[in-house]
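**Q** For reference, the structure I am asking about is given below.
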Amino acid sequence: MHSSMLHWPDEVLRRAAWTNSPAGGQRTFAKLLVTMTACGLLYGAAMGSYGAVAGSTHWPLQMLYSAAKVPLLLGATFAISLPSFYVLNALFGLGSDFAVALRSLLATQVGFTILLVSFAPLTLFWYASDTGYEQALVVNGIMFAAASLGSQRLLRSYYRPLIAHRPRHRRMLWVWTGLYALVAIQMAWLLRPFIGSPHNPVTFFRPEAWDNAYLKLWELIVRVLW
């Protein structure tokens with residue numbers, strides 16, 4: 001518990017004892033929250049820097065907005081998904097384990113942001129290589145998907161004692177993954193733009209925020225690939 005802040009990300013990825021221990025209480029929560037926020041801010045700033053190579057004169061403001069939005073996206077998605085997950089755990093007779101499950105989910109959320117910020121140099125390299133806006137959207141989607149896959153491995157590591165105690169927790173992992181993904185996609189659509197088109201004014205939200213995110217995502221993929 002006396003480790004340097006610079007060591008916290010490594011300790012989360014290695015599942016150090018303090019990351020999933022009830023003994024730390026509010027201090028453990030604060031360390032995880034600081035780590036998640038810092039990593040989210042850094043990757044958000046990298047996302048928002050697209051305008052610097054795409055000819056936008058307002059890219060510093062977009063960087064600032066994007067830096068704020070990534071922690072907001074992750075925190076809001078987690079908070080919205082959690083009540084439903086708690087109820088489902090209770091229905092399946094796993095309510096008594098929920099405190100441990102919650103700490104595991106939170107530590108994994110932090111691990112996701114650590115993985116995400118590790119991809120920031122790749123995102124910046126792509127921006128420097130190709131200034132296409134839709135391609136930039138797809139590349140950032142790939143970075144989020146890769147971080148999600150890595151965090152799933154971390155989540156299974158954190159959940160291993162729970163699964164050994166009650167195998168039903170294995171199914172709940174899939175429930176959490178699906179629930180979180182559904183909320184995250186729509187929340188990301190609501191909070192856009194994260195990258196910022198150089199042809200549009202910089203805004204924190206877009207007017208058509210409540211469109212169907214899943215339909216728009218499919219249309220984007222079709223345009224880029226075909």
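Numbering starts fresh at 1 for the residues of each chain in the structure tokens, the chains themselves are lettered A, B, ... in the order given, and ligands are numbered from 1 as they appear.
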Could you name the residues that touch stretch 39-55 of chain A at 10 Å or less, counting only C-alpha atoms, but leaving out those on the same chain fewer than 3 positions away, as a PyMOL selection string?
**A** chain A and resi 9+34-36+58-74+110-124+126-133+136-137+140+193-199
**Q** Name all residues at most 12 Å from A:Arg153 (count only C-alpha atoms; drop same-chain ones fewer than 5 positions away) and give them as a ChimeraX atom specification.
**A** /A:13-15,108-109,111-112,115,146-148,158-160,173,177
**Q** Expressed in Å to a single decimal, how great is the separation between atom CA of A:Met187 and atom CA of A:Leu149?
**A** 19.1 Å
**Q** For a test of reading the model, state the distance in Å between atom CA of A:Val183 and atom CA of A:Ser81, rounded to one decimal.
**A**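 Taking atom CA of A:Val183 as the start and atom CA of A:Ser81 as the end point, the length is 6.9 Å.
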**Q** Pick out each residue of stretch 16-225 of chain A that DSSP on the backbone tags as helix (DSSP H, G or I); I need them as a short mmCIF file (atom, residue, chain, number, x, y, z; two decimals) with N, CA and C atoms, in the first residue's frame.
**A**
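Contents of result-v5.cif, freshly written:
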```
data_model
loop_
_atom_site.label_atom_id
_atom_site.label_comp_id
_atom_site.auth_asym_id
_atom_site.auth_seq_id
_atom_site.Cartn_x
_atom_site.Cartn_y
_atom_site.Cartn_z
N ALA A 17 -1.97 -7.66 -4.26
CA ALA A 17 -2.96 -7.96 -3.21
C ALA A 17 -3.86 -6.76 -2.90
N TRP A 18 -3.31 -5.55 -2.91
CA TRP A 18 -4.11 -4.39 -2.51
C TRP A 18 -5.23 -4.07 -3.49
N THR A 19 -5.09 -4.50 -4.76
CA THR A 19 -6.08 -4.14 -5.77
C THR A 19 -7.42 -4.83 -5.57
N ASN A 20 -7.44 -5.92 -4.83
CA ASN A 20 -8.69 -6.67 -4.64
C ASN A 20 -8.90 -7.07 -3.19
N PRO A 22 -10.30 -6.15 0.66
CA PRO A 22 -11.22 -5.28 1.39
C PRO A 22 -10.52 -4.44 2.46
N ALA A 23 -9.29 -4.82 2.79
CA ALA A 23 -8.59 -4.13 3.89
C ALA A 23 -8.29 -2.67 3.56
N GLY A 24 -8.03 -2.39 2.28
CA GLY A 24 -7.65 -1.03 1.90
C GLY A 24 -8.77 -0.02 1.97
N GLN A 26 -11.36 2.74 1.44
CA GLN A 26 -11.45 3.94 0.60
C GLN A 26 -10.11 4.27 -0.06
N ARG A 27 -9.02 3.92 0.59
CA ARG A 27 -7.72 4.23 -0.01
C ARG A 27 -7.50 3.41 -1.28
N THR A 28 -7.87 2.14 -1.24
CA THR A 28 -7.75 1.32 -2.44
C THR A 28 -8.62 1.87 -3.55
N PHE A 29 -9.86 2.23 -3.23
CA PHE A 29 -10.76 2.80 -4.22
C PHE A 29 -10.17 4.07 -4.81
N ALA A 30 -9.58 4.92 -3.98
CA ALA A 30 -9.00 6.17 -4.45
C ALA A 30 -7.83 5.91 -5.40
N LYS A 31 -6.98 4.93 -5.07
CA LYS A 31 -5.85 4.61 -5.93
C LYS A 31 -6.31 4.09 -7.29
N LEU A 32 -7.32 3.24 -7.27
CA LEU A 32 -7.85 2.72 -8.54
C LEU A 32 -8.49 3.83 -9.35
N LEU A 33 -9.23 4.71 -8.69
CA LEU A 33 -9.90 5.80 -9.39
C LEU A 33 -8.89 6.77 -10.00
N VAL A 34 -7.84 7.10 -9.27
CA VAL A 34 -6.80 7.99 -9.79
C VAL A 34 -6.11 7.38 -11.00
N THR A 35 -5.80 6.09 -10.91
CA THR A 35 -5.13 5.42 -12.02
C THR A 35 -6.02 5.39 -13.26
N MET A 36 -7.28 5.05 -13.08
CA MET A 36 -8.21 4.98 -14.21
C MET A 36 -8.40 6.36 -14.84
N THR A 37 -8.55 7.37 -14.03
CA THR A 37 -8.76 8.72 -14.55
C THR A 37 -7.54 9.22 -15.31
N ALA A 38 -6.36 9.01 -14.73
CA ALA A 38 -5.14 9.48 -15.39
C ALA A 38 -4.93 8.81 -16.73
N CYS A 39 -5.11 7.49 -16.78
CA CYS A 39 -4.92 6.77 -18.04
C CYS A 39 -5.99 7.15 -19.06
N GLY A 40 -7.22 7.32 -18.59
CA GLY A 40 -8.29 7.74 -19.49
C GLY A 40 -8.04 9.13 -20.06
N LEU A 41 -7.57 10.04 -19.23
CA LEU A 41 -7.25 11.39 -19.70
C LEU A 41 -6.17 11.36 -20.78
N LEU A 42 -5.15 10.55 -20.56
CA LEU A 42 -4.04 10.50 -21.51
C LEU A 42 -4.48 9.94 -22.86
N TYR A 43 -5.25 8.83 -22.83
CA TYR A 43 -5.67 8.29 -24.12
C TYR A 43 -6.69 9.22 -24.79
N GLY A 44 -7.57 9.83 -24.01
CA GLY A 44 -8.51 10.77 -24.58
C GLY A 44 -7.81 11.93 -25.27
N ALA A 45 -6.75 12.44 -24.66
CA ALA A 45 -5.99 13.52 -25.28
C ALA A 45 -5.36 13.06 -26.59
N ALA A 46 -4.87 11.81 -26.61
CA ALA A 46 -4.30 11.27 -27.85
C ALA A 46 -5.38 11.17 -28.93
N MET A 47 -6.57 10.70 -28.57
CA MET A 47 -7.67 10.62 -29.54
C MET A 47 -7.99 12.00 -30.11
N GLY A 48 -8.07 12.98 -29.25
CA GLY A 48 -8.47 14.32 -29.67
C GLY A 48 -7.42 15.08 -30.43
N TYR A 50 -6.20 14.32 -33.21
CA TYR A 50 -6.33 14.06 -34.66
C TYR A 50 -6.32 15.36 -35.47
N GLY A 51 -6.99 16.38 -34.98
CA GLY A 51 -7.07 17.64 -35.71
C GLY A 51 -5.73 18.29 -35.96
N ALA A 52 -4.73 17.98 -35.17
CA ALA A 52 -3.40 18.58 -35.35
C ALA A 52 -2.78 18.19 -36.68
N VAL A 53 -3.09 16.98 -37.17
CA VAL A 53 -2.55 16.53 -38.46
C VAL A 53 -3.58 16.64 -39.57
N ALA A 54 -4.84 16.93 -39.21
CA ALA A 54 -5.90 16.98 -40.21
C ALA A 54 -6.24 18.41 -40.62
N TRP A 59 -7.90 22.13 -32.67
CA TRP A 59 -7.61 20.81 -32.11
C TRP A 59 -7.24 20.83 -30.62
N PRO A 60 -6.61 21.91 -30.09
CA PRO A 60 -6.35 21.87 -28.63
C PRO A 60 -7.63 21.75 -27.79
N LEU A 61 -8.70 22.43 -28.25
CA LEU A 61 -9.97 22.33 -27.52
C LEU A 61 -10.54 20.92 -27.63
N GLN A 62 -10.43 20.32 -28.82
CA GLN A 62 -10.91 18.96 -28.99
C GLN A 62 -10.11 17.99 -28.11
N MET A 63 -8.81 18.20 -28.00
CA MET A 63 -7.99 17.37 -27.10
C MET A 63 -8.49 17.46 -25.67
N LEU A 64 -8.81 18.67 -25.25
CA LEU A 64 -9.30 18.88 -23.88
C LEU A 64 -10.63 18.17 -23.67
N TYR A 65 -11.55 18.32 -24.62
CA TYR A 65 -12.84 17.65 -24.52
C TYR A 65 -12.68 16.13 -24.50
N SER A 66 -11.86 15.62 -25.40
CA SER A 66 -11.69 14.18 -25.51
C SER A 66 -11.04 13.60 -24.26
N ALA A 67 -10.09 14.34 -23.70
CA ALA A 67 -9.43 13.89 -22.47
C ALA A 67 -10.45 13.74 -21.35
N ALA A 68 -11.41 14.65 -21.28
CA ALA A 68 -12.44 14.57 -20.23
C ALA A 68 -13.45 13.46 -20.53
N LYS A 69 -13.69 13.20 -21.80
CA LYS A 69 -14.77 12.27 -22.17
C LYS A 69 -14.43 10.81 -21.93
N VAL A 70 -13.19 10.41 -22.10
CA VAL A 70 -12.87 8.98 -21.94
C VAL A 70 -13.11 8.52 -20.51
N PRO A 71 -12.60 9.20 -19.47
CA PRO A 71 -12.96 8.78 -18.11
C PRO A 71 -14.46 8.86 -17.85
N LEU A 72 -15.12 9.87 -18.44
CA LEU A 72 -16.57 10.00 -18.27
C LEU A 72 -17.30 8.82 -18.91
N LEU A 73 -16.86 8.43 -20.10
CA LEU A 73 -17.44 7.28 -20.79
C LEU A 73 -17.32 6.01 -19.94
N LEU A 74 -16.14 5.74 -19.45
CA LEU A 74 -15.90 4.51 -18.70
C LEU A 74 -16.62 4.53 -17.36
N GLY A 75 -16.56 5.66 -16.68
CA GLY A 75 -17.22 5.75 -15.38
C GLY A 75 -18.73 5.65 -15.49
N ALA A 76 -19.32 6.33 -16.48
CA ALA A 76 -20.77 6.29 -16.65
C ALA A 76 -21.23 4.90 -17.08
N THR A 77 -20.50 4.27 -17.99
CA THR A 77 -20.86 2.92 -18.42
C THR A 77 -20.83 1.95 -17.26
N PHE A 78 -19.80 2.04 -16.44
CA PHE A 78 -19.67 1.17 -15.28
C PHE A 78 -20.83 1.39 -14.31
N ALA A 79 -21.15 2.65 -14.05
CA ALA A 79 -22.20 2.97 -13.08
C ALA A 79 -23.57 2.54 -13.59
N ILE A 80 -23.83 2.68 -14.88
CA ILE A 80 -25.13 2.29 -15.44
C ILE A 80 -25.28 0.77 -15.47
N SER A 81 -24.20 0.07 -15.76
CA SER A 81 -24.26 -1.40 -15.88
C SER A 81 -24.35 -2.09 -14.52
N LEU A 82 -23.80 -1.47 -13.49
CA LEU A 82 -23.63 -2.15 -12.20
C LEU A 82 -24.93 -2.55 -11.51
N PRO A 83 -25.96 -1.68 -11.44
CA PRO A 83 -27.19 -2.09 -10.73
C PRO A 83 -27.83 -3.35 -11.33
N SER A 84 -27.91 -3.43 -12.66
CA SER A 84 -28.49 -4.61 -13.28
C SER A 84 -27.67 -5.85 -12.97
N PHE A 85 -26.34 -5.68 -12.98
CA PHE A 85 -25.48 -6.82 -12.70
C PHE A 85 -25.64 -7.29 -11.26
N TYR A 86 -25.83 -6.35 -10.35
CA TYR A 86 -26.06 -6.71 -8.95
C TYR A 86 -27.35 -7.53 -8.80
N VAL A 87 -28.41 -7.07 -9.44
CA VAL A 87 -29.69 -7.77 -9.35
C VAL A 87 -29.57 -9.18 -9.92
N LEU A 88 -28.88 -9.33 -11.05
CA LEU A 88 -28.72 -10.65 -11.65
C LEU A 88 -27.89 -11.57 -10.76
N ASN A 89 -26.87 -11.02 -10.12
CA ASN A 89 -26.10 -11.82 -9.17
C ASN A 89 -26.98 -12.29 -8.02
N ALA A 90 -27.82 -11.40 -7.53
CA ALA A 90 -28.71 -11.77 -6.43
C ALA A 90 -29.70 -12.85 -6.86
N LEU A 91 -30.23 -12.73 -8.06
CA LEU A 91 -31.19 -13.71 -8.57
C LEU A 91 -30.58 -15.10 -8.72
N GLY A 95 -25.33 -13.12 -4.48
CA GLY A 95 -25.29 -11.80 -3.85
C GLY A 95 -24.26 -11.68 -2.75
N SER A 96 -24.01 -12.77 -2.02
CA SER A 96 -23.06 -12.70 -0.91
C SER A 96 -21.63 -12.51 -1.38
N ASP A 97 -21.37 -12.80 -2.65
CA ASP A 97 -20.02 -12.63 -3.21
C ASP A 97 -19.86 -11.31 -3.93
N PHE A 98 -20.90 -10.46 -3.90
CA PHE A 98 -20.86 -9.30 -4.79
C PHE A 98 -19.79 -8.30 -4.41
N ALA A 99 -19.45 -8.17 -3.15
CA ALA A 99 -18.40 -7.23 -2.76
C ALA A 99 -17.07 -7.60 -3.42
N VAL A 100 -16.76 -8.89 -3.45
CA VAL A 100 -15.53 -9.35 -4.10
C VAL A 100 -15.64 -9.14 -5.60
N ALA A 101 -16.81 -9.45 -6.16
CA ALA A 101 -17.02 -9.26 -7.60
C ALA A 101 -16.86 -7.80 -7.98
N LEU A 102 -17.38 -6.90 -7.16
CA LEU A 102 -17.29 -5.48 -7.44
C LEU A 102 -15.84 -5.01 -7.47
N ARG A 103 -15.06 -5.44 -6.49
CA ARG A 103 -13.64 -5.05 -6.48
C ARG A 103 -12.92 -5.61 -7.71
N SER A 104 -13.28 -6.80 -8.12
CA SER A 104 -12.66 -7.39 -9.31
C SER A 104 -13.03 -6.61 -10.56
N LEU A 105 -14.29 -6.23 -10.67
CA LEU A 105 -14.74 -5.46 -11.83
C LEU A 105 -14.07 -4.10 -11.88
N LEU A 106 -13.95 -3.45 -10.73
CA LEU A 106 -13.33 -2.13 -10.69
C LEU A 106 -11.86 -2.21 -11.06
N ALA A 107 -11.15 -3.19 -10.52
CA ALA A 107 -9.73 -3.34 -10.85
C ALA A 107 -9.56 -3.64 -12.34
N THR A 108 -10.48 -4.41 -12.91
CA THR A 108 -10.41 -4.71 -14.33
C THR A 108 -10.69 -3.48 -15.17
N GLN A 109 -11.61 -2.64 -14.71
CA GLN A 109 -11.89 -1.39 -15.41
C GLN A 109 -10.63 -0.52 -15.46
N VAL A 110 -9.90 -0.50 -14.37
CA VAL A 110 -8.64 0.24 -14.34
C VAL A 110 -7.65 -0.40 -15.30
N GLY A 111 -7.59 -1.74 -15.31
CA GLY A 111 -6.70 -2.43 -16.23
C GLY A 111 -7.01 -2.10 -17.67
N PHE A 112 -8.29 -1.95 -18.00
CA PHE A 112 -8.69 -1.57 -19.36
C PHE A 112 -8.07 -0.23 -19.75
N THR A 113 -8.13 0.75 -18.86
CA THR A 113 -7.58 2.06 -19.20
C THR A 113 -6.05 2.02 -19.31
N ILE A 114 -5.42 1.16 -18.52
CA ILE A 114 -3.96 1.01 -18.61
C ILE A 114 -3.58 0.44 -19.97
N LEU A 115 -4.30 -0.59 -20.40
CA LEU A 115 -4.05 -1.15 -21.72
C LEU A 115 -4.34 -0.12 -22.81
N LEU A 116 -5.41 0.63 -22.63
CA LEU A 116 -5.78 1.62 -23.63
C LEU A 116 -4.70 2.67 -23.81
N VAL A 117 -4.18 3.20 -22.71
CA VAL A 117 -3.17 4.24 -22.84
C VAL A 117 -1.86 3.69 -23.41
N SER A 118 -1.64 2.38 -23.25
CA SER A 118 -0.44 1.79 -23.85
C SER A 118 -0.53 1.78 -25.38
N ALA A 120 -1.78 4.34 -27.07
CA ALA A 120 -1.78 5.73 -27.54
C ALA A 120 -0.69 6.00 -28.58
N PRO A 121 0.56 5.50 -28.40
CA PRO A 121 1.56 5.74 -29.45
C PRO A 121 1.16 5.18 -30.81
N LEU A 122 0.46 4.04 -30.83
CA LEU A 122 0.00 3.47 -32.09
C LEU A 122 -1.06 4.37 -32.73
N THR A 123 -1.94 4.90 -31.91
CA THR A 123 -2.96 5.82 -32.43
C THR A 123 -2.32 7.06 -33.03
N LEU A 124 -1.36 7.63 -32.33
CA LEU A 124 -0.68 8.82 -32.84
C LEU A 124 0.11 8.51 -34.11
N PHE A 125 0.71 7.34 -34.16
CA PHE A 125 1.44 6.92 -35.35
C PHE A 125 0.49 6.82 -36.54
N TRP A 126 -0.70 6.28 -36.32
CA TRP A 126 -1.67 6.19 -37.41
C TRP A 126 -2.10 7.57 -37.87
N TYR A 127 -2.37 8.47 -36.93
CA TYR A 127 -2.75 9.83 -37.30
C TYR A 127 -1.69 10.46 -38.20
N ALA A 128 -0.43 10.25 -37.87
CA ALA A 128 0.65 10.84 -38.66
C ALA A 128 0.78 10.19 -40.03
N SER A 129 0.27 8.95 -40.16
CA SER A 129 0.42 8.21 -41.41
C SER A 129 -0.77 8.38 -42.34
N TYR A 133 -10.57 10.75 -41.76
CA TYR A 133 -11.35 10.82 -40.53
C TYR A 133 -12.02 9.49 -40.19
N GLU A 134 -12.66 8.88 -41.17
CA GLU A 134 -13.34 7.62 -40.90
C GLU A 134 -12.34 6.52 -40.55
N GLN A 135 -11.16 6.56 -41.18
CA GLN A 135 -10.12 5.59 -40.83
C GLN A 135 -9.66 5.80 -39.39
N ALA A 136 -9.60 7.06 -38.97
CA ALA A 136 -9.21 7.36 -37.58
C ALA A 136 -10.26 6.81 -36.62
N LEU A 137 -11.54 6.89 -36.99
CA LEU A 137 -12.59 6.33 -36.15
C LEU A 137 -12.41 4.82 -35.99
N VAL A 138 -12.15 4.16 -37.11
CA VAL A 138 -12.01 2.71 -37.08
C VAL A 138 -10.79 2.31 -36.26
N VAL A 139 -9.67 3.01 -36.43
CA VAL A 139 -8.45 2.68 -35.69
C VAL A 139 -8.69 2.81 -34.19
N ASN A 140 -9.34 3.86 -33.78
CA ASN A 140 -9.62 4.00 -32.35
C ASN A 140 -10.58 2.92 -31.85
N GLY A 141 -11.52 2.53 -32.71
CA GLY A 141 -12.38 1.41 -32.35
C GLY A 141 -11.59 0.13 -32.15
N ILE A 142 -10.59 -0.09 -33.01
CA ILE A 142 -9.73 -1.26 -32.87
C ILE A 142 -8.95 -1.20 -31.56
N MET A 143 -8.46 -0.02 -31.19
CA MET A 143 -7.70 0.13 -29.95
C MET A 143 -8.58 -0.19 -28.73
N PHE A 144 -9.82 0.29 -28.76
CA PHE A 144 -10.73 0.00 -27.66
C PHE A 144 -11.05 -1.49 -27.62
N ALA A 145 -11.23 -2.10 -28.80
CA ALA A 145 -11.53 -3.54 -28.84
C ALA A 145 -10.36 -4.35 -28.31
N ALA A 146 -9.14 -3.97 -28.69
CA ALA A 146 -7.95 -4.69 -28.21
C ALA A 146 -7.80 -4.56 -26.70
N ALA A 147 -8.04 -3.35 -26.18
CA ALA A 147 -7.96 -3.16 -24.73
C ALA A 147 -9.05 -3.96 -24.03
N SER A 148 -10.22 -4.08 -24.66
CA SER A 148 -11.30 -4.88 -24.07
C SER A 148 -10.93 -6.35 -23.99
N LEU A 149 -10.31 -6.87 -25.05
CA LEU A 149 -9.90 -8.27 -25.05
C LEU A 149 -8.86 -8.54 -23.96
N GLY A 150 -7.90 -7.62 -23.85
CA GLY A 150 -6.89 -7.78 -22.81
C GLY A 150 -7.48 -7.71 -21.42
N SER A 151 -8.43 -6.81 -21.23
CA SER A 151 -9.05 -6.67 -19.90
C SER A 151 -9.92 -7.87 -19.55
N GLN A 152 -10.45 -8.55 -20.58
CA GLN A 152 -11.21 -9.77 -20.31
C GLN A 152 -10.32 -10.85 -19.70
N ARG A 153 -9.12 -10.95 -20.20
CA ARG A 153 -8.16 -11.90 -19.62
C ARG A 153 -7.85 -11.54 -18.16
N LEU A 154 -7.69 -10.24 -17.92
CA LEU A 154 -7.42 -9.78 -16.56
C LEU A 154 -8.62 -10.05 -15.65
N LEU A 155 -9.83 -9.83 -16.18
CA LEU A 155 -11.03 -10.06 -15.38
C LEU A 155 -11.15 -11.53 -14.98
N ARG A 156 -10.82 -12.43 -15.89
CA ARG A 156 -10.89 -13.85 -15.56
C ARG A 156 -9.88 -14.22 -14.49
N SER A 157 -8.74 -13.55 -14.49
CA SER A 157 -7.75 -13.79 -13.45
C SER A 157 -8.27 -13.33 -12.09
N TYR A 158 -8.88 -12.14 -12.07
CA TYR A 158 -9.44 -11.63 -10.82
C TYR A 158 -10.61 -12.49 -10.33
N TYR A 159 -11.37 -13.04 -11.29
CA TYR A 159 -12.56 -13.82 -10.95
C TYR A 159 -12.25 -15.28 -10.61
N ARG A 160 -11.02 -15.70 -10.81
CA ARG A 160 -10.68 -17.12 -10.63
C ARG A 160 -11.08 -17.64 -9.24
N PRO A 161 -10.79 -16.92 -8.14
CA PRO A 161 -11.22 -17.44 -6.82
C PRO A 161 -12.73 -17.54 -6.70
N LEU A 162 -13.46 -16.59 -7.30
CA LEU A 162 -14.92 -16.65 -7.24
C LEU A 162 -15.45 -17.86 -8.00
N ILE A 163 -14.89 -18.11 -9.17
CA ILE A 163 -15.33 -19.25 -9.98
C ILE A 163 -15.01 -20.56 -9.27
N ALA A 164 -13.84 -20.62 -8.62
CA ALA A 164 -13.48 -21.83 -7.88
C ALA A 164 -14.45 -22.07 -6.73
N HIS A 165 -14.92 -20.98 -6.13
CA HIS A 165 -15.86 -21.09 -5.00
C HIS A 165 -17.27 -21.45 -5.48
N ARG A 168 -20.91 -20.80 -10.93
CA ARG A 168 -21.90 -19.95 -11.60
C ARG A 168 -21.34 -18.58 -11.95
N HIS A 169 -20.29 -18.17 -11.26
CA HIS A 169 -19.68 -16.87 -11.57
C HIS A 169 -19.12 -16.84 -12.98
N ARG A 170 -18.78 -17.99 -13.55
CA ARG A 170 -18.26 -18.02 -14.91
C ARG A 170 -19.31 -17.48 -15.89
N ARG A 171 -20.57 -17.89 -15.69
CA ARG A 171 -21.64 -17.40 -16.54
C ARG A 171 -21.87 -15.91 -16.34
N MET A 172 -21.71 -15.46 -15.09
CA MET A 172 -21.91 -14.04 -14.83
C MET A 172 -20.87 -13.17 -15.49
N LEU A 173 -19.69 -13.73 -15.74
CA LEU A 173 -18.68 -12.98 -16.49
C LEU A 173 -19.18 -12.64 -17.89
N TRP A 174 -19.81 -13.62 -18.54
CA TRP A 174 -20.36 -13.36 -19.87
C TRP A 174 -21.51 -12.36 -19.80
N VAL A 175 -22.31 -12.44 -18.75
CA VAL A 175 -23.40 -11.48 -18.57
C VAL A 175 -22.84 -10.07 -18.44
N TRP A 176 -21.80 -9.91 -17.63
CA TRP A 176 -21.20 -8.58 -17.44
C TRP A 176 -20.62 -8.06 -18.74
N THR A 177 -19.93 -8.92 -19.48
CA THR A 177 -19.32 -8.50 -20.74
C THR A 177 -20.37 -7.99 -21.72
N GLY A 178 -21.46 -8.75 -21.86
CA GLY A 178 -22.51 -8.33 -22.79
C GLY A 178 -23.21 -7.07 -22.34
N LEU A 179 -23.52 -6.99 -21.06
CA LEU A 179 -24.20 -5.82 -20.51
C LEU A 179 -23.35 -4.57 -20.66
N TYR A 180 -22.08 -4.69 -20.31
CA TYR A 180 -21.17 -3.54 -20.39
C TYR A 180 -21.01 -3.08 -21.83
N ALA A 181 -20.86 -4.03 -22.76
CA ALA A 181 -20.67 -3.66 -24.17
C ALA A 181 -21.87 -2.93 -24.73
N LEU A 182 -23.08 -3.40 -24.41
CA LEU A 182 -24.29 -2.75 -24.90
C LEU A 182 -24.39 -1.30 -24.41
N VAL A 183 -24.10 -1.11 -23.14
CA VAL A 183 -24.16 0.25 -22.58
C VAL A 183 -23.05 1.12 -23.14
N ALA A 184 -21.84 0.56 -23.26
CA ALA A 184 -20.68 1.34 -23.69
C ALA A 184 -20.85 1.86 -25.11
N ILE A 185 -21.39 1.03 -26.01
CA ILE A 185 -21.56 1.46 -27.40
C ILE A 185 -22.51 2.66 -27.49
N GLN A 186 -23.64 2.57 -26.82
CA GLN A 186 -24.59 3.68 -26.86
C GLN A 186 -24.05 4.91 -26.13
N MET A 187 -23.34 4.69 -25.01
CA MET A 187 -22.78 5.82 -24.28
C MET A 187 -21.71 6.53 -25.10
N ALA A 188 -20.90 5.76 -25.82
CA ALA A 188 -19.87 6.36 -26.67
C ALA A 188 -20.52 7.20 -27.77
N TRP A 189 -21.63 6.72 -28.30
CA TRP A 189 -22.33 7.49 -29.33
C TRP A 189 -22.90 8.78 -28.75
N LEU A 190 -23.42 8.70 -27.54
CA LEU A 190 -23.99 9.88 -26.88
C LEU A 190 -22.91 10.94 -26.63
N LEU A 191 -21.72 10.52 -26.24
CA LEU A 191 -20.67 11.46 -25.84
C LEU A 191 -19.81 11.95 -27.01
N ALA A 213 -26.96 3.88 -31.96
CA ALA A 213 -25.52 3.72 -32.11
C ALA A 213 -25.16 2.48 -32.91
N TYR A 214 -25.93 1.42 -32.75
CA TYR A 214 -25.58 0.15 -33.38
C TYR A 214 -25.77 0.22 -34.90
N LEU A 215 -26.81 0.90 -35.34
CA LEU A 215 -27.04 1.09 -36.77
C LEU A 215 -25.96 1.98 -37.37
N LYS A 216 -25.62 3.05 -36.70
CA LYS A 216 -24.60 3.97 -37.21
C LYS A 216 -23.23 3.31 -37.27
N LEU A 217 -22.93 2.47 -36.29
CA LEU A 217 -21.65 1.77 -36.29
C LEU A 217 -21.55 0.83 -37.49
N TRP A 218 -22.62 0.13 -37.78
CA TRP A 218 -22.61 -0.77 -38.93
C TRP A 218 -22.44 0.02 -40.24
N GLU A 219 -23.12 1.14 -40.37
CA GLU A 219 -22.98 1.97 -41.57
C GLU A 219 -21.55 2.46 -41.74
N LEU A 220 -20.89 2.83 -40.64
CA LEU A 220 -19.51 3.28 -40.70
C LEU A 220 -18.59 2.17 -41.19
N ILE A 221 -18.76 0.97 -40.64
CA ILE A 221 -17.91 -0.15 -41.03
C ILE A 221 -18.08 -0.46 -42.52
N VAL A 222 -19.32 -0.42 -43.00
CA VAL A 222 -19.59 -0.70 -44.41
C VAL A 222 -18.92 0.35 -45.29
N ARG A 223 -19.01 1.63 -44.91
CA ARG A 223 -18.39 2.68 -45.73
C ARG A 223 -16.89 2.54 -45.79
N VAL A 224 -16.28 2.18 -44.68
CA VAL A 224 -14.81 2.08 -44.64
C VAL A 224 -14.32 0.87 -45.43
N LEU A 225 -15.02 -0.26 -45.31
CA LEU A 225 -14.55 -1.50 -45.92
C LEU A 225 -14.96 -1.62 -47.39
#
```
